[in-house]
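Below: the structure, in structure tokens.
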Amino acid sequence: MFSTVIDANDGTSSVDYSHGTVTTLSIDANTPYFILLTLLIATVVLGLVHWFSKKMRIVRMVEVLPGPSLSESNNAFTPHPWLAHLSLAVDFSGENPIPGYPGVARSFDNLMQLHKQFSQKDGIMRLWALNPFKLLPFAQPLVFITDPEMVQQVLKDKNISKDIIKEAEIYGLCKALAGDSFLEMLEDTPRWKHQRKLTALGMNQSLLERTNSVTIKLLYETVFPQWDGTASAAHEPTFTMEAGEWCTRLAAEILGIVAFSRSFGGLDSDATKKGTKNSNHQSLYALFRRLQFIITKRSERLPFLIPFYFKENKEFQQCQDKLNSIIQSILEERMSKYNQGKAVQCNSPENLAQQSRSSQLSRGEFNDLLSYLMMEDEDDDRYRLTEKELLGNVRMFLFAGQDTSAIVLSQTLYELATHQSTQLRLQKEVDALFAQFDSPDHQPAYKDIMRLEYLDAVTKEALRLHSPAGVARWNLVDIKLTKGDHTYSIPKGTNLFVYPCLTGRGDGQNHESLDEFIPERFLKEDRGNQVSGKPESCYMPFSIGPRNCVGHPLATAEIKVVLAHLVHRYTVRKTEGSEEPIKMVQINIMPHQIMLDFERRQFSG
Ligand code: HEM
């Protein structure tokens, strides 16, 4: 990349290289321009040769990994080699469309089929993304690692993972939902470490107790009365609903109150999973959903056409601005409360001496996640989070903490609906606990729920099969991964993917039983009797290593508390004629819809 500048007076020409050193050529007016031209062409050609040989090296190294071939035209995943494995995401046949998503492939089914063919056996699989010119150098290598031993090497083993960063291109997609500062939070900087430490501090026992009481309040005061109202309006003991929608709305509301002491509006009467087309939304829930809906729409389009969807882009930007301004107002309100608190405390010297500012002033009456993020260190101002970082964290929680928990919750309900004996066993365990508590005002505490062993096993089994989050990484140098006697070489600059829900399905030796939903495999007393497999070794729904899910205590608490109260009050069944949930690989692995029947149990209060 350089430009040539000719001086009109003396005929000198300077060549300005924008990268690297600046070289000046002095030539008189007779110097043939073809020397310059030759230099230019030579530089471009050398650059191209260098780029091409680098790319071909990547291609050669990646092609030897297990995976479907691009050249086999009969391969179900290669409708045309020009399109590489794009058919994972795009439905070219149009034979079995997902209702409401024309042209979108049944991506999870496709991925599972490939997994069974390649990575379940070998623990690793390569795919190629978009190959528009039938030239492999243009395709992006995607390497899926599913073997638990190799996942450990990528995410946890310091010798290997030190050269692997959380900066794969895929995270660029998340930016639209998680906000601009999201990308900054991917880097392993001291700032990130500090923010993570504060969040981890916030995930304490008292936050989990709060999760329990907030969830109970929302269920008994809002959700259950609405459901029962629906059933009695229809004069039916049973009512049918799309569980995915309700779980998403509930998870958003729990997150809002537990983490920020604010309603996100998830349970408002007009809240829907898609959001409404109205940029004047007041609720964070509605804005966030609308953003997500627009992003899903965008993902179906050719990237270079997106700037031309003017109306949609305008709405997208309006939603982003509004979302940020609501979060900003939450932060300002909280800050002003703290400042008032400080002023009161400063008037009383005994108070000041009593406790450090961090514990007394920041958490104060709130004791939510935000109060931990706003913690101050009296002696070290550097570690106070800036406004931008606070905003980034709030958006990160919105992004990471709603759909994930909601998806697991709704998939668990589906599993219970299809495994009635499991549901019965769970109801027995839960009923025995609830028999000790006789009214909505007197409910099991968080620690009581955590003691339920079968509930724990059901939750773990659902997380093993349905963990919705993917992990993406990018290696800065060539790496070698080993599985038993096998060594796989992966070239620098590969998109590495780990899907915990694939790893959780085992290594191929026991995969038949590991594909089934059998919570007993997590019970010590039952293991070895009717189920095989070693779920612990491949169980990593929240990822592993230093970047694992910092929100997992909150997610687990939320899922268990909702499940316990729900199966105590209702029996869940599959709605007659409804399809098995179709999963789509989007930012999370999302079920399209989960239709279930809920029947109020006779004896419960
Ligand atoms: C069932 C529910 C959830 C699942 C399965 C899940 C899964 C994951 C996974 C696999 C990662 C690692 C991603 C990566 O390395 O690229 C992650 C990261 C993260 N999760 Fe969760 N998550 C859940 C719920 C939550 C909740 C409720 C919160 C917070 C309120 C949360 C906050 C985060 C954050 C902040 C990160 C980034 C951690 C870091 O980079 O240091 N998650 N989650």
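Within each chain, counting starts at residue 1; across the structure tokens, chains are named A, B, ... in the order shown, with ligands numbered 1 upward in that order.
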**OP:** Using only C-alpha atoms, determine which residues lie at most 10 Å from region 283-291 of chain A, disregarding the query and same-chain residues fewer than 6 positions distant; provide the list as a PyMOL selection string.
**Re:** chain A and resi 176-178+248-249+252-253+256+262-268+270-277+297+315-324+326-327+395+398-399+402
Return as CSV the residues of chain A lying at most 8 Å from ligand 1, together with the closest atom-to-atom pair for each and the distance in Å to one decimal, counting only C-alpha atoms and all ligand atoms, with rows in chain order and ascending residue number.
```
residue,atom,partner,partner_atom_place_in_ligand_line,distance
A:Lys166,CA,ligand 1,16 (O),6.6
A:Met185,CA,ligand 1,40 (O),7.2
A:Leu186,CA,ligand 1,40 (O),6.3
A:Trp192,CA,ligand 1,41 (O),7.5
A:Lys193,CA,ligand 1,41 (O),7.8
A:Arg196,CA,ligand 1,41 (O),5.9
A:Thr199,CA,ligand 1,35 (C),7.8
A:Leu255,CA,ligand 1,30 (C),6.6
A:Ala259,CA,ligand 1,30 (C),7.1
A:Asn393,CA,ligand 1,35 (C),7.5
A:Met396,CA,ligand 1,35 (C),6.0
A:Phe397,CA,ligand 1,30 (C),4.8
A:Leu398,CA,ligand 1,30 (C),7.3
A:Ala400,CA,ligand 1,31 (C),4.7
A:Gly401,CA,ligand 1,26 (C),3.5
A:Gln402,CA,ligand 1,27 (C),6.4
A:Asp403,CA,ligand 1,2 (C),7.7
A:Thr404,CA,ligand 1,2 (C),4.3
A:Ser405,CA,ligand 1,2 (C),3.9
A:Ala406,CA,ligand 1,1 (C),7.4
A:Ile407,CA,ligand 1,1 (C),7.4
A:Val408,CA,ligand 1,1 (C),5.6
A:Leu409,CA,ligand 1,1 (C),7.9
A:Leu463,CA,ligand 1,5 (C),6.8
A:Ser467,CA,ligand 1,5 (C),4.7
A:Pro468,CA,ligand 1,5 (C),5.6
A:Ala469,CA,ligand 1,10 (C),4.8
A:Gly470,CA,ligand 1,10 (C),5.7
A:Val471,CA,ligand 1,16 (O),3.9
A:Ala472,CA,ligand 1,16 (O),5.4
A:Arg473,CA,ligand 1,16 (O),7.4
A:Tyr499,CA,ligand 1,10 (C),7.8
A:Pro500,CA,ligand 1,10 (C),6.9
A:Met540,CA,ligand 1,10 (C),7.8
A:Pro541,CA,ligand 1,5 (C),5.3
A:Phe542,CA,ligand 1,10 (C),4.1
A:Ser543,CA,ligand 1,10 (C),4.3
A:Ile544,CA,ligand 1,12 (C),7.7
A:Pro546,CA,ligand 1,41 (O),6.9
A:Arg547,CA,ligand 1,41 (O),4.2
A:Asn548,CA,ligand 1,12 (C),4.8
A:Cys549,CA,ligand 1,17 (C),3.6
A:Val550,CA,ligand 1,33 (C),5.1
A:Gly551,CA,ligand 1,28 (C),3.6
A:His552,CA,ligand 1,24 (C),5.5
A:Pro553,CA,ligand 1,27 (C),7.8
A:Leu554,CA,ligand 1,27 (C),5.4
A:Ala555,CA,ligand 1,27 (C),4.3
A:Thr556,CA,ligand 1,1 (C),6.7
A:Ile559,CA,ligand 1,1 (C),7.6
```
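CA of Lys574 (chain A) is positioned 21.8 Å from CA of Pro225 (chain A).
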Note to self: Quick check for you: according to DSSP on this backbone, which residues of region 451-594 of chain A are classed as strand (DSSP E or B)? Reply as a PyMOL selection string.
What the structure shows: chain A and resi 471-475+479-483+486-490+495-498+570-574+583-585+589-591
How would the residues just picked look written out with N, CA and C atoms as an mmCIF file, in the first residue's frame?
```cif
data_model
loop_
_atom_site.group_PDB
_atom_site.id
_atom_site.type_symbol
_atom_site.label_atom_id
_atom_site.label_comp_id
_atom_site.auth_asym_id
_atom_site.auth_seq_id
_atom_site.Cartn_x
_atom_site.Cartn_y
_atom_site.Cartn_z
ATOM 1 N N VAL A 471 -17.936 -21.624 22.380
ATOM 2 C CA VAL A 471 -16.699 -20.963 22.784
ATOM 3 C C VAL A 471 -15.849 -20.814 21.523
ATOM 4 N N ALA A 472 -15.408 -19.601 21.238
ATOM 5 C CA ALA A 472 -14.601 -19.397 20.023
ATOM 6 C C ALA A 472 -13.232 -18.846 20.403
ATOM 7 N N ARG A 473 -12.220 -19.341 19.751
ATOM 8 C CA ARG A 473 -10.852 -18.887 20.027
ATOM 9 C C ARG A 473 -10.082 -18.738 18.722
ATOM 10 N N TRP A 474 -8.903 -18.133 18.832
ATOM 11 C CA TRP A 474 -8.076 -17.840 17.667
ATOM 12 C C TRP A 474 -6.634 -18.083 18.091
ATOM 13 N N ASN A 475 -5.905 -18.954 17.360
ATOM 14 C CA ASN A 475 -4.526 -19.239 17.794
ATOM 15 C C ASN A 475 -3.517 -18.341 17.080
ATOM 16 N N ILE A 479 -0.346 -24.657 16.563
ATOM 17 C CA ILE A 479 -0.416 -25.432 17.801
ATOM 18 C C ILE A 479 -0.557 -26.925 17.486
ATOM 19 N N LYS A 480 -0.165 -27.736 18.464
ATOM 20 C CA LYS A 480 -0.338 -29.192 18.319
ATOM 21 C C LYS A 480 -1.248 -29.658 19.445
ATOM 22 N N LEU A 481 -2.305 -30.389 19.080
ATOM 23 C CA LEU A 481 -3.200 -30.930 20.094
ATOM 24 C C LEU A 481 -3.075 -32.452 20.073
ATOM 25 N N THR A 482 -3.091 -33.064 21.254
ATOM 26 C CA THR A 482 -2.945 -34.522 21.280
ATOM 27 C C THR A 482 -4.141 -35.198 21.926
ATOM 28 N N LYS A 483 -4.525 -36.305 21.304
ATOM 29 C CA LYS A 483 -5.589 -37.153 21.848
ATOM 30 C C LYS A 483 -5.037 -38.575 21.811
ATOM 31 N N HIS A 486 -2.638 -39.774 18.989
ATOM 32 C CA HIS A 486 -2.778 -38.891 17.823
ATOM 33 C C HIS A 486 -2.343 -37.465 18.117
ATOM 34 N N THR A 487 -1.635 -36.872 17.166
ATOM 35 C CA THR A 487 -1.318 -35.445 17.298
ATOM 36 C C THR A 487 -1.892 -34.722 16.090
ATOM 37 N N TYR A 488 -2.593 -33.625 16.344
ATOM 38 C CA TYR A 488 -3.157 -32.834 15.254
ATOM 39 C C TYR A 488 -2.469 -31.470 15.225
ATOM 40 N N SER A 489 -1.985 -31.077 14.037
ATOM 41 C CA SER A 489 -1.340 -29.750 13.920
ATOM 42 C C SER A 489 -2.363 -28.769 13.373
ATOM 43 N N ILE A 490 -2.465 -27.636 14.046
ATOM 44 C CA ILE A 490 -3.420 -26.617 13.588
ATOM 45 C C ILE A 490 -2.664 -25.331 13.288
ATOM 46 N N ASN A 495 -9.994 -20.397 13.180
ATOM 47 C CA ASN A 495 -11.130 -20.205 14.095
ATOM 48 C C ASN A 495 -11.361 -21.520 14.818
ATOM 49 N N LEU A 496 -11.103 -21.535 16.123
ATOM 50 C CA LEU A 496 -11.290 -22.761 16.905
ATOM 51 C C LEU A 496 -12.630 -22.680 17.628
ATOM 52 N N PHE A 497 -13.421 -23.727 17.513
ATOM 53 C CA PHE A 497 -14.731 -23.730 18.195
ATOM 54 C C PHE A 497 -14.844 -24.893 19.161
ATOM 55 N N VAL A 498 -15.406 -24.586 20.328
ATOM 56 C CA VAL A 498 -15.748 -25.650 21.272
ATOM 57 C C VAL A 498 -17.231 -25.490 21.575
ATOM 58 N N TYR A 570 -47.235 -27.879 38.526
ATOM 59 C CA TYR A 570 -47.805 -28.357 37.252
ATOM 60 C C TYR A 570 -47.155 -29.666 36.814
ATOM 61 N N THR A 571 -47.891 -30.398 35.980
ATOM 62 C CA THR A 571 -47.279 -31.512 35.247
ATOM 63 C C THR A 571 -47.172 -31.042 33.799
ATOM 64 N N VAL A 572 -46.006 -31.283 33.219
ATOM 65 C CA VAL A 572 -45.745 -30.788 31.864
ATOM 66 C C VAL A 572 -45.819 -31.949 30.872
ATOM 67 N N ARG A 573 -46.501 -31.718 29.757
ATOM 68 C CA ARG A 573 -46.583 -32.762 28.717
ATOM 69 C C ARG A 573 -46.327 -32.150 27.347
ATOM 70 N N LYS A 574 -45.920 -33.022 26.411
ATOM 71 C CA LYS A 574 -45.744 -32.545 25.026
ATOM 72 C C LYS A 574 -47.108 -32.223 24.436
ATOM 73 N N LYS A 583 -33.439 -26.953 16.600
ATOM 74 C CA LYS A 583 -32.423 -26.051 17.160
ATOM 75 C C LYS A 583 -31.701 -25.339 16.024
ATOM 76 N N MET A 584 -31.437 -24.059 16.235
ATOM 77 C CA MET A 584 -30.701 -23.307 15.213
ATOM 78 C C MET A 584 -29.405 -22.786 15.832
ATOM 79 N N VAL A 585 -28.296 -22.909 15.079
ATOM 80 C CA VAL A 585 -27.024 -22.398 15.592
ATOM 81 C C VAL A 585 -26.968 -20.916 15.272
ATOM 82 N N ILE A 589 -27.130 -21.622 20.674
ATOM 83 C CA ILE A 589 -27.902 -22.666 19.983
ATOM 84 C C ILE A 589 -29.324 -22.590 20.530
ATOM 85 N N MET A 590 -30.227 -22.104 19.701
ATOM 86 C CA MET A 590 -31.575 -21.690 20.124
ATOM 87 C C MET A 590 -32.647 -22.647 19.647
ATOM 88 N N PRO A 591 -33.564 -23.082 20.513
ATOM 89 C CA PRO A 591 -34.696 -23.840 19.970
ATOM 90 C C PRO A 591 -35.634 -22.884 19.262
#
```
Shortest contact to Ile165 (chain A), candidates A:Ile216, A:Ala251, A:Val143, A:Leu476, atoms counted only C-alpha atoms, goes to A:Leu476
| request: From region 73-243 of chain A, collect each residue whose DSSP state is alpha helix (DSSP H) and return the set as a ChimeraX atom specification. | output: /A:107-114,120-122,148-155,158-161,170-178,190-202,205-218,224-233,243
Keeping only C-alpha atoms, write the selected residues to a file as a compact mmCIF listing (two decimals), in the first residue's frame.
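Saved as part25.txt:
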```txt
# COMPACT_ATOMS: atom_id res chain seq x y z
CA SER A 107 -28.19 -25.90 11.35
CA PHE A 108 -27.93 -27.87 14.57
CA ASP A 109 -29.22 -31.07 12.92
CA ASN A 110 -26.63 -30.57 10.17
CA LEU A 111 -23.87 -29.94 12.68
CA MET A 112 -24.88 -33.03 14.69
CA GLN A 113 -24.80 -35.16 11.56
CA LEU A 114 -21.26 -33.99 10.81
CA GLN A 120 -17.38 -37.70 17.80
CA LYS A 121 -14.90 -40.37 16.74
CA ASP A 122 -11.79 -38.26 16.21
CA PRO A 148 -12.46 -33.28 26.36
CA GLU A 149 -8.69 -33.88 26.52
CA MET A 150 -8.06 -31.51 23.59
CA VAL A 151 -10.60 -28.98 24.88
CA GLN A 152 -8.55 -28.90 28.10
CA GLN A 153 -5.42 -28.18 26.06
CA VAL A 154 -7.05 -25.29 24.19
CA LEU A 155 -8.83 -23.64 27.11
CA LYS A 158 -1.13 -22.97 30.05
CA ASN A 159 1.56 -24.18 27.65
CA ILE A 160 -0.86 -24.23 24.74
CA SER A 161 -3.58 -21.76 25.74
CA ILE A 170 -17.38 -14.76 15.42
CA TYR A 171 -17.31 -12.45 18.45
CA GLY A 172 -17.68 -9.51 16.06
CA LEU A 173 -21.28 -10.72 15.57
CA CYS A 174 -21.92 -10.55 19.31
CA LYS A 175 -20.87 -6.89 19.37
CA ALA A 176 -24.25 -5.85 17.98
CA LEU A 177 -25.96 -7.28 21.06
CA ALA A 178 -23.28 -6.94 23.71
CA PRO A 190 -5.50 -6.49 33.96
CA ARG A 191 -8.69 -4.41 33.51
CA TRP A 192 -10.61 -7.50 32.39
CA LYS A 193 -9.18 -9.50 35.32
CA HIS A 194 -10.35 -6.84 37.72
CA GLN A 195 -13.86 -6.73 36.24
CA ARG A 196 -14.09 -10.50 36.37
CA LYS A 197 -12.92 -10.50 40.00
CA LEU A 198 -15.66 -8.04 40.95
CA THR A 199 -18.34 -10.09 39.17
CA ALA A 200 -17.11 -13.31 40.81
CA LEU A 201 -17.26 -11.57 44.23
CA GLY A 202 -20.85 -10.60 43.48
CA GLN A 205 -24.33 -16.78 48.80
CA SER A 206 -26.43 -13.72 49.49
CA LEU A 207 -26.96 -13.07 45.74
CA LEU A 208 -28.10 -16.66 45.32
CA GLU A 209 -30.51 -16.37 48.27
CA ARG A 210 -31.80 -13.23 46.61
CA THR A 211 -32.21 -15.14 43.34
CA ASN A 212 -34.36 -17.65 45.21
CA SER A 213 -36.65 -15.05 46.80
CA VAL A 214 -36.91 -12.88 43.64
CA THR A 215 -37.81 -15.94 41.54
CA ILE A 216 -40.46 -17.11 44.01
CA LYS A 217 -42.02 -13.64 44.09
CA LEU A 218 -42.15 -13.40 40.29
CA PHE A 224 -48.55 -18.51 37.91
CA PRO A 225 -51.62 -16.23 38.24
CA GLN A 226 -51.35 -15.42 34.51
CA TRP A 227 -51.05 -19.08 33.56
CA ASP A 228 -53.91 -20.13 35.84
CA GLY A 229 -55.96 -17.26 34.42
CA THR A 230 -55.40 -18.58 30.91
CA ALA A 231 -56.53 -22.07 31.94
CA SER A 232 -59.63 -20.91 33.81
CA ALA A 233 -60.64 -18.54 30.99
CA ALA A 243 -42.25 -22.49 26.81
```
re CA of Val567 (chain A) and CA of Leu413 (chain A): distance 9.1 Å
Env of Pro444 (chain A): 8 Å cut, atoms = only C-alpha atoms, seq-sep filter 5 positions within chain, self excluded. Answer as a PyMOL selection string. chain A and resi 433-434+437+449
Margin query: Env of Trp128 (chain A): 7 Å cut, atoms = only C-alpha atoms, seq-sep filter 5 positions within chain, self excluded. Answer as JSON, numbers by chain.
Written below: {"A": [84, 85, 139, 140, 141, 142]}
Expressed in Å, the length from CA of Gln427 (chain A) to CA of Phe598 (chain A) is 14.1 Å
* **region 454-461 of chain A environment, 8 Å, only C-alpha atoms, sequence neighbours closer than 3 positions dropped, as a ChimeraX atom specification** => /A:412,425-426,429,450,464-465,517-523,556,559-560,564
Those residues with N, CA and C atoms, as a PDB file, in the first residue's frame please?
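result_3.pdb, written as the output of this step:
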```
ATOM      1  N   THR A 412     -35.083 -28.214  29.378  1.00  0.00           N
ATOM      2  CA  THR A 412     -35.282 -29.154  30.487  1.00  0.00           C
ATOM      3  C   THR A 412     -36.765 -29.499  30.597  1.00  0.00           C
ATOM      4  N   ARG A 425     -40.316 -38.756  39.271  1.00  0.00           N
ATOM      5  CA  ARG A 425     -39.301 -38.904  40.322  1.00  0.00           C
ATOM      6  C   ARG A 425     -38.911 -37.533  40.876  1.00  0.00           C
ATOM      7  N   LEU A 426     -38.813 -36.565  39.984  1.00  0.00           N
ATOM      8  CA  LEU A 426     -38.462 -35.210  40.413  1.00  0.00           C
ATOM      9  C   LEU A 426     -39.590 -34.616  41.274  1.00  0.00           C
ATOM     10  N   GLU A 429     -39.471 -35.934  44.787  1.00  0.00           N
ATOM     11  CA  GLU A 429     -38.406 -35.331  45.612  1.00  0.00           C
ATOM     12  C   GLU A 429     -38.795 -33.918  46.043  1.00  0.00           C
ATOM     13  N   MET A 450     -30.886 -26.460  46.944  1.00  0.00           N
ATOM     14  CA  MET A 450     -29.583 -26.988  46.522  1.00  0.00           C
ATOM     15  C   MET A 450     -29.320 -28.386  47.071  1.00  0.00           C
ATOM     16  N   ARG A 464     -25.760 -30.732  30.157  1.00  0.00           N
ATOM     17  CA  ARG A 464     -24.824 -31.545  29.362  1.00  0.00           C
ATOM     18  C   ARG A 464     -25.287 -31.628  27.899  1.00  0.00           C
ATOM     19  N   LEU A 465     -26.579 -31.846  27.711  1.00  0.00           N
ATOM     20  CA  LEU A 465     -27.087 -32.026  26.345  1.00  0.00           C
ATOM     21  C   LEU A 465     -27.439 -30.712  25.651  1.00  0.00           C
ATOM     22  N   PHE A 517     -31.288 -38.578  27.423  1.00  0.00           N
ATOM     23  CA  PHE A 517     -31.476 -37.795  28.640  1.00  0.00           C
ATOM     24  C   PHE A 517     -31.715 -38.764  29.800  1.00  0.00           C
ATOM     25  N   ILE A 518     -30.662 -39.001  30.598  1.00  0.00           N
ATOM     26  CA  ILE A 518     -30.788 -39.921  31.742  1.00  0.00           C
ATOM     27  C   ILE A 518     -30.115 -39.269  32.956  1.00  0.00           C
ATOM     28  N   PRO A 519     -30.869 -38.522  33.752  1.00  0.00           N
ATOM     29  CA  PRO A 519     -30.246 -37.801  34.876  1.00  0.00           C
ATOM     30  C   PRO A 519     -29.545 -38.734  35.854  1.00  0.00           C
ATOM     31  N   GLU A 520     -29.992 -40.009  35.912  1.00  0.00           N
ATOM     32  CA  GLU A 520     -29.420 -40.943  36.885  1.00  0.00           C
ATOM     33  C   GLU A 520     -27.908 -41.071  36.743  1.00  0.00           C
ATOM     34  N   ARG A 521     -27.368 -40.772  35.562  1.00  0.00           N
ATOM     35  CA  ARG A 521     -25.918 -40.931  35.398  1.00  0.00           C
ATOM     36  C   ARG A 521     -25.148 -39.963  36.312  1.00  0.00           C
ATOM     37  N   PHE A 522     -25.822 -38.950  36.826  1.00  0.00           N
ATOM     38  CA  PHE A 522     -25.149 -38.028  37.737  1.00  0.00           C
ATOM     39  C   PHE A 522     -25.394 -38.387  39.207  1.00  0.00           C
ATOM     40  N   LEU A 523     -26.127 -39.490  39.458  1.00  0.00           N
ATOM     41  CA  LEU A 523     -26.384 -39.896  40.838  1.00  0.00           C
ATOM     42  C   LEU A 523     -25.400 -41.002  41.213  1.00  0.00           C
ATOM     43  N   THR A 556     -27.292 -21.538  37.557  1.00  0.00           N
ATOM     44  CA  THR A 556     -27.712 -22.813  38.140  1.00  0.00           C
ATOM     45  C   THR A 556     -28.813 -22.587  39.169  1.00  0.00           C
ATOM     46  N   ILE A 559     -32.163 -21.788  37.384  1.00  0.00           N
ATOM     47  CA  ILE A 559     -32.768 -22.945  36.714  1.00  0.00           C
ATOM     48  C   ILE A 559     -33.393 -23.894  37.747  1.00  0.00           C
ATOM     49  N   LYS A 560     -32.629 -24.152  38.829  1.00  0.00           N
ATOM     50  CA  LYS A 560     -33.122 -25.122  39.816  1.00  0.00           C
ATOM     51  C   LYS A 560     -34.359 -24.590  40.540  1.00  0.00           C
ATOM     52  N   ALA A 564     -38.010 -26.441  40.344  1.00  0.00           N
ATOM     53  CA  ALA A 564     -38.603 -27.025  41.550  1.00  0.00           C
ATOM     54  C   ALA A 564     -40.035 -26.533  41.728  1.00  0.00           C
TER      55      ALA A 564
END
```
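With only C-alpha atoms as the atoms that count, the minimum distance from Val62 (chain A) to the choices A:Asp478, A:Asp485, A:Glu95, A:Asp507 is reached by A:Asp478.
Minimum atom-to-atom distance to Leu566 (chain A), evaluated using only C-alpha atoms, belongs to A:Tyr220 out of A:Ile582, A:Arg334, A:Tyr220, A:Ser181.
If you measure from each of A:Leu65, A:Leu596, A:Ala105, A:Met125 to Thr418 (chain A) using only C-alpha atoms, the closest one turns out to be A:Leu596.
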